[in-house]
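Student: Right, I'll just put the structure down here and ask away after.
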Amino acid sequence: MNAGASNGLVSDTAMVMAAGLGKRMRPLTASQPKPLVRVAGKPLIDHALDRMVEAGVTKAVVNVHYLADALEAHLAERQDPAITISDERDLLLETGGGMVKAQSLLPDPFFCLNADNIWLDGPRDAFHDLSNRWNPDEMDALLLMVPHARALNFRGKGDFQMDPVGRLARRRSGRIAPFIFTGIQIVSHRLLRDPPAGPFSTNVLWERAIEEGRLFGTSFTGQWFEVGTPQAIRPTEEALQRG
């Protein structure tokens, strides 16, 4: 039985990806890790951790690499959630490698999210949106997707096509895809099996799951913000003020 099942969640734990170099957020990341960049008076990682706690996710595994001491010191001041550090100081492992390194610290399944995520929940929070749709018999991972209309500051072509049952396929070259990945997902340990050695992207694991028909998505009922560059901070703050 999953530890988080009693509150309607499939897991009580989330991995928070916080190890990246934050190159697109320069010059703000010249002297601080991207998760500590402030938006609306609060570090990015606290936006994500606060949403987790509100939803009932009580544990976080946070990977660190770039300016790790500053990030660890900040996290040590928090009371909730209970935080375990996955230390990548010696080698930045990217998203897939980071999950594999932390796997022994994570239940099956677990939530995974980017430390620079900001979102406003809809009728249900993001973690219950995912939990309500999760089916381990069919899925290796379930990605929280958002249509372009609810992806503020996003200027790309989209990431995935989604069929009527939620099975995902990649955007075709030269086309626009209707759904954008929010950076929030449920991951089973099955997705992490037989991984490449060293640093690698989660895309490697997703491609195998797509081929096996086991990568799924569900559409988010709230609003998501792309906060990848300094220019995105002010419009995000203005939107958050409007609620």
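Residue numbers start at 1 in each chain; chains themselves are named A, B, ... in the order of the structure tokens; ligands are numbered from 1 in the order shown.
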I'd like the contact shell of A:Asn117 - 9 Å cut-off, only C-alpha atoms, skipping same-chain residues fewer than 6 positions apart - returned as an NGL selection string.
Tutor: :A and (44-45 or 47-48 or 182-184 or 224-227)
Student: Using DSSP on the backbone coordinates, identify all residues within stretch 10-185 of chain A classified as helix (DSSP H, G or I); present the result as a PyMOL selection string.
Tutor: chain A and resi 23-25+34-36+44-55+68-76+94-105+126-133+148-150
Student: Leaving out A:Leu143 and any residue of its chain fewer than 6 positions from it, which residues lie within 8 Å of it when counting only C-alpha atoms, given as a PyMOL selection string?
Tutor: chain A and resi 130+181-186+215-218
Student: So that I can check the surroundings of A:Gly20, please list as a PyMOL selection string every protein, DNA and RNA residue that reaches within 10 Å of it, counting only C-alpha atoms and ignoring chain neighbours fewer than 5 positions away.
Tutor: chain A and resi 33-35+63-67+92-95+114-115
Student: Within 7 Å of stretch 150-162 of chain A, counting only C-alpha atoms, which residues show up once you throw out same-chain ones fewer than 3 positions away? Write them as a list in words, please.
Tutor: Val146, Pro147, Gly166, Arg167, Leu168, Ala169, Arg170, Arg171, Ile176, Ala177, Pro178, Phe179, Ile180, Phe181, Gly217, Gln223, Trp224, Phe225, Glu226 and Ala232 of chain A
Student: Could you tell me, as an NGL selection string, which residues of chain A DSSP assigns to strand (DSSP E) when given the backbone?
Tutor: :A and (13-17 or 38-39 or 42-43 or 59-64 or 82-87 or 110-114 or 118-120 or 141-147 or 151-152 or 160-162 or 168-170 or 179-187 or 215-219 or 223-225)
Student: Taking into account only C-alpha atoms, which residue in the set A:Glu72, A:Asp12, A:Asp129, A:Asp140 is nearest to A:Gly222?
Tutor: A:Asp129
Student: Compile the contact shell of A:Phe111 as a PyMOL selection string: residues with an atom at most 7 Å away, counting only C-alpha atoms, same-chain residues fewer than 3 positions apart removed.
Tutor: chain A and resi 11+13-15+185-187
